[in-house]
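Engineer: There's a structure below that I have some questions on.
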Protein chains: 2
Amino acid sequence: MKRQVTIKDIAQKLGLSTSTISRALKDHPDISPKTRTAVKELAALLGYRPNRIALNLRNNSTNTIGLIIPEIEHYFFSAIINGIEEVAYKNDYSVMVFQSDESYKREVINTQAVLTNRVDGVLVSFSKETKDFSHFQKLIDNEIPVVFFDRVIDALQADQVVADDYQGAFLAVNHLIEKGCKRIAHFAAPQHLAIGKQRLSGYHDALLKHTIPYDPDLVVLADTFDTARKAAHEILRRPEHPDGFFAVNDMAAIAIIKEAKSLGIRVPEDIRVVGFENSKSAAISEPELTTVDQFGFELGREACLMLLKRLKSEERENPFKPIKKVIKTRLVVRAST
Amino acid sequence: MKRQVTIKDIAQKLGLSTSTISRALKDHPDISPKTRTAVKELAALLGYRPNRIALNLRNNSTNTIGLIIPEIEHYFFSAIINGIEEVAYKNDYSVMVFQSDESYKREVINTQAVLTNRVDGVLVSFSKETKDFSHFQKLIDNEIPVVFFDRVIDALQADQVVADDYQGAFLAVNHLIEKGCKRIAHFAAPQHLAIGKQRLSGYHDALLKHTIPYDPDLVVLADTFDTARKAAHEILRRPEHPDGFFAVNDMAAIAIIKEAKSLGIRVPEDIRVVGFENSKSAAISEPELTTVDQFGFELGREACLMLLKRLKSEERENPFKPIKKVIKTRLVVRAST
């Protein structure tokens, strides 16, 4: 069989970098229209075909999907993994999971491992530390389709699936207000993460709708059990403590309930608490926790379906039009409110 | 560089299968001593070196460890993964995780994916369904070091790391008896799994030590939240219900507590309950759950260290002497007893 023409061949002939060639072929805005045209003409002349297609032609597809995820212990993420795997195995794909453990450094190593192992496509939710996304750009440059889920980035040319965090937060806080809460605290996630921003925004707008003033003293950064328990201890000992709490996740909400009970404050009589996730722990907590169901399993299914659609298409779309899918959330009312 | 002599070369020259050659080189008992000698002599003559070493010589090591695990949502398994990754990343290895989801079929697919992706070594805890282990034998035949953890099999030539399930169960039941329990039920795991057998055996021997007769009516197969809740409903409505429960894992124990409370039975006043795992849920449960800590993180660390030791050794040990490491467990006493 004739050797496939590669991006490297085009790069050498034009005296440009492979990354420039790759971007030019994808109509990347960083590359001038003139260069794009020159690259495409030479590519057509040489009979260049994208790498992935070449691989498939040689019947060399690995039928493996790489999954890079911050942590797998978290109920929401493990539900997502199960959703992804349901779709993947049904379509004869294996899923190899890499845990970044919320570390940027590990995530870069994971991305290299995914490249080394020639996966067909990659699903990513990036770490809390990640602020530079060039390792993911490298995947895209290598013609590997990437779909981001939950934690997403608009700057990259890739599909996205997210839960409707804004809507979920709005539902949660609206519910607390309808139950009679007047002073509602929010235990938030870091604000450089979309989920942190969206949930704070939903909290803010639900207050606004009911003309309750926004009080920055009632918003604290506390998205783990330990930090939330500490923050709850401080805030619940204030002379006028809040009568409602909206926590960015279930573990933080459960920490609030635990701390309240240890201070002799009753839930839901004295304070009402809502979480976000609908984890197994929410049903174990006492009282059982009102929470927002993010449908992790569905989200995983959708992300994998989007990736398979890209894998099945003959060539990378040109110009590439990223698709963003938003999964609606649902309030699950239990005894904590 | 001179082409490496492969098992295939030896097989062709002798008119035998590659699998026979591979087993002969490893002194597998299925191969006659005469054949073993013939194979080894020709291998020495041709200058054959095992594949893995050949790979390393060509500096072709992937620095990736494959991990095949029944489920990742389970707290114990996610703790193991974190222990494995701590050791792996410190030694510049990536870990790719494959979830079998307790399915034999998926596990076989995972094993193929691990082979396709040329990992350096594999860590395995097999699925509940797995009764045929030839897919793992295939890894060993391909000179890929394998270490089994938690769910292990003596029939294969591979290292093992397990928690001391027998000792943990003995501690748990002994504790219930010392707290005054006279009729102790056991919610067990399937008996073809070593953990099912070992924990039942520890339960049995603790009763024996205190001359309490073993009553098969008090042992039920129930190792998930739902099956345990159903079984608890049945057993707690008997006229003379047990006053103590030892559950094979925390979720089953929490199901017993939930069901007892819904029937108006108090914990620990009317019944005492012990779990096994020391999961996060054990600390969330009310009352907080007495449980056996299996040290999943430590177990993962040990399994990965054993694998790295095999990866660093020049050649596969011949004859191979599998190492079995047992991690002691510890009783964590909380309010449920």
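All residue names refer to the structure tokens as shown: chains lettered A, B, ... in order, residues numbered from 1 in each chain, ligands numbered from 1 in order.
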Provide as a list in words the residues of chain A at most 7 Å from chain B, counting only C-alpha atoms.

Structural biologist: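 Using only C-alpha atoms, chain A residues at most 7 Å from chain B: Ile72, Glu73, Tyr75, Ser78, Ser94, Val95, Met96, Val97, Phe98, Asn110, Ala113, Asn117, Ser281, Ile284, Ser285 and Glu286 of chain A.
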
Engineer: Considering only C-alpha atoms, return as a list of chain:residue names whatever protein or nucleic-acid residues lie within 12 Å of Gly196 (chain A), sequence-local ones (same chain, fewer than 6 positions apart) excluded.

Structural biologist: A:Lys128, A:Asp150, A:Arg151, A:Asp165, A:Tyr166, A:Ala169, A:His186, A:Phe187, A:Ala188, A:Ala189, A:Pro190, A:Gly202, A:Tyr203, A:Val219, A:Val220, A:Leu221, A:Ala222, A:Asp223, A:Ala247, A:Val248, A:Asn249, A:Phe276

Engineer: Run DSSP on the backbone and grab whatever in region 58-232 of chain B lands in helix (DSSP H, G or I); send it over as a ChimeraX atom specification.

Structural biologist: /B:75-90,104-116,134-141,165-178,194-209,216-218,225-232

Engineer: Applying 12 Å and only C-alpha atoms, which residues near Tyr214 (chain B) remain after dropping the ones on its own chain fewer than 6 positions away? List them as a compact mmCIF listing (two decimals) with C-alpha atoms, in the first residue's frame.

Structural biologist:
```txt
# COMPACT_ATOMS: atom_id res chain seq x y z
CA LYS B 182 -26.40 -13.49 71.36
CA ARG B 183 -28.10 -13.96 67.97
CA ILE B 184 -25.92 -12.51 65.23
CA ALA B 185 -26.94 -12.47 61.57
CA HIS B 186 -24.46 -12.28 58.69
CA LEU B 200 -18.22 -15.97 56.48
CA SER B 201 -15.40 -18.05 57.90
CA GLY B 202 -14.34 -15.26 60.29
CA TYR B 203 -17.98 -14.89 61.39
CA HIS B 204 -18.23 -18.63 61.95
CA ASP B 205 -15.02 -18.91 63.97
CA ALA B 206 -15.83 -15.94 66.22
CA LEU B 207 -19.14 -17.61 67.13
CA LEU B 208 -17.28 -20.87 67.75
```

Engineer: Taking the DSSP assignment computed from this structure's backbone, write out as a ChimeraX atom specification all residues of region 91-291 of chain B that belong to strand (DSSP E).

Structural biologist: /B:94-99,121-124,146-149,159-163,184-188,219-221,244-247,272-274,291

Engineer: For the residues in that selection, give me N, CA and C atoms as a tab-separated table (two decimals), in the first residue's frame.

Structural biologist:
```
chain	number	residue	atom	x	y	z
B	94	SER	N	1.87	6.24	34.03
B	94	SER	CA	0.45	6.59	33.99
B	94	SER	C	-0.36	5.34	34.28
B	95	VAL	N	-1.56	5.55	34.76
B	95	VAL	CA	-2.45	4.42	35.03
B	95	VAL	C	-3.69	4.56	34.16
B	96	MET	N	-3.97	3.55	33.33
B	96	MET	CA	-5.23	3.57	32.59
B	96	MET	C	-6.17	2.56	33.24
B	97	VAL	N	-7.35	3.06	33.60
B	97	VAL	CA	-8.29	2.26	34.36
B	97	VAL	C	-9.38	1.72	33.44
B	98	PHE	N	-9.65	0.43	33.53
B	98	PHE	CA	-10.77	-0.17	32.82
B	98	PHE	C	-11.74	-0.74	33.84
B	99	GLN	N	-13.00	-0.38	33.71
B	99	GLN	CA	-14.03	-0.85	34.63
B	99	GLN	C	-14.77	-2.02	33.99
B	121	GLY	N	2.54	-3.35	32.51
B	121	GLY	CA	2.09	-4.31	33.50
B	121	GLY	C	0.62	-4.08	33.81
B	122	VAL	N	-0.01	-5.06	34.48
B	122	VAL	CA	-1.45	-4.97	34.71
B	122	VAL	C	-1.78	-5.30	36.16
B	123	LEU	N	-2.68	-4.52	36.73
B	123	LEU	CA	-3.23	-4.79	38.06
B	123	LEU	C	-4.69	-5.20	37.89
B	124	VAL	N	-5.10	-6.28	38.54
B	124	VAL	CA	-6.44	-6.81	38.30
B	124	VAL	C	-7.17	-7.17	39.59
B	146	VAL	N	1.50	-9.40	35.92
B	146	VAL	CA	0.15	-9.17	36.43
B	146	VAL	C	0.17	-9.31	37.96
B	147	VAL	N	-0.45	-8.37	38.65
B	147	VAL	CA	-0.64	-8.50	40.10
B	147	VAL	C	-2.14	-8.44	40.37
B	148	PHE	N	-2.65	-9.44	41.09
B	148	PHE	CA	-4.06	-9.45	41.47
B	148	PHE	C	-4.22	-8.82	42.85
B	149	PHE	N	-5.31	-8.08	43.05
B	149	PHE	CA	-5.57	-7.53	44.38
B	149	PHE	C	-7.04	-7.73	44.74
B	159	ASP	N	1.47	-12.46	41.29
B	159	ASP	CA	1.49	-11.96	42.66
B	159	ASP	C	0.09	-11.55	43.11
B	160	GLN	N	-0.10	-11.48	44.42
B	160	GLN	CA	-1.41	-11.14	44.98
B	160	GLN	C	-1.28	-10.21	46.18
B	161	VAL	N	-2.22	-9.29	46.32
B	161	VAL	CA	-2.35	-8.50	47.55
B	161	VAL	C	-3.81	-8.56	47.98
B	162	VAL	N	-4.02	-8.94	49.23
B	162	VAL	CA	-5.39	-9.00	49.75
B	162	VAL	C	-5.46	-8.39	51.14
B	163	ALA	N	-6.66	-7.94	51.50
B	163	ALA	CA	-6.91	-7.54	52.88
B	163	ALA	C	-7.17	-8.81	53.67
B	184	ILE	N	-26.56	-13.42	66.19
B	184	ILE	CA	-25.92	-12.51	65.23
B	184	ILE	C	-26.14	-13.01	63.80
B	185	ALA	N	-26.72	-12.13	62.98
B	185	ALA	CA	-26.94	-12.47	61.57
B	185	ALA	C	-25.74	-12.01	60.75
B	186	HIS	N	-25.51	-12.70	59.63
B	186	HIS	CA	-24.46	-12.28	58.69
B	186	HIS	C	-25.06	-12.06	57.32
B	187	PHE	N	-24.89	-10.84	56.78
B	187	PHE	CA	-25.28	-10.54	55.41
B	187	PHE	C	-24.03	-10.74	54.57
B	188	ALA	N	-24.05	-11.77	53.71
B	188	ALA	CA	-22.82	-12.26	53.08
B	188	ALA	C	-22.73	-11.93	51.60
B	219	VAL	N	-27.74	-16.59	58.14
B	219	VAL	CA	-26.81	-16.16	57.10
B	219	VAL	C	-27.58	-15.99	55.80
B	220	VAL	N	-27.57	-14.74	55.27
B	220	VAL	CA	-28.28	-14.50	54.01
B	220	VAL	C	-27.33	-13.87	53.00
B	221	LEU	N	-27.57	-14.15	51.72
B	221	LEU	CA	-26.78	-13.55	50.66
B	221	LEU	C	-27.37	-12.17	50.37
B	244	GLY	N	-27.83	-8.74	66.68
B	244	GLY	CA	-26.58	-8.24	66.10
B	244	GLY	C	-26.51	-8.56	64.63
B	245	PHE	N	-25.88	-7.67	63.85
B	245	PHE	CA	-25.73	-7.89	62.41
B	245	PHE	C	-24.30	-7.60	62.00
B	246	PHE	N	-23.71	-8.55	61.27
B	246	PHE	CA	-22.42	-8.29	60.64
B	246	PHE	C	-22.63	-8.33	59.14
B	247	ALA	N	-22.47	-7.17	58.48
B	247	ALA	CA	-22.70	-7.09	57.04
B	247	ALA	C	-21.37	-7.10	56.31
B	272	ARG	N	-27.43	-4.22	67.22
B	272	ARG	CA	-26.12	-3.61	66.93
B	272	ARG	C	-25.70	-4.03	65.53
B	273	VAL	N	-25.04	-3.11	64.82
B	273	VAL	CA	-24.70	-3.37	63.41
B	273	VAL	C	-23.23	-3.02	63.13
B	274	VAL	N	-22.53	-3.95	62.45
B	274	VAL	CA	-21.15	-3.69	62.02
B	274	VAL	C	-21.06	-3.87	60.50
B	291	THR	N	-17.26	-0.32	61.80
B	291	THR	CA	-16.91	-1.02	60.56
B	291	THR	C	-15.46	-1.48	60.59
```

Engineer: Report, in Å to a single decimal, how far apart CA of Ile327 (chain B) and CA of Asp164 (chain B) are.

Structural biologist: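 Interatomic distance here is 5.7 Å.
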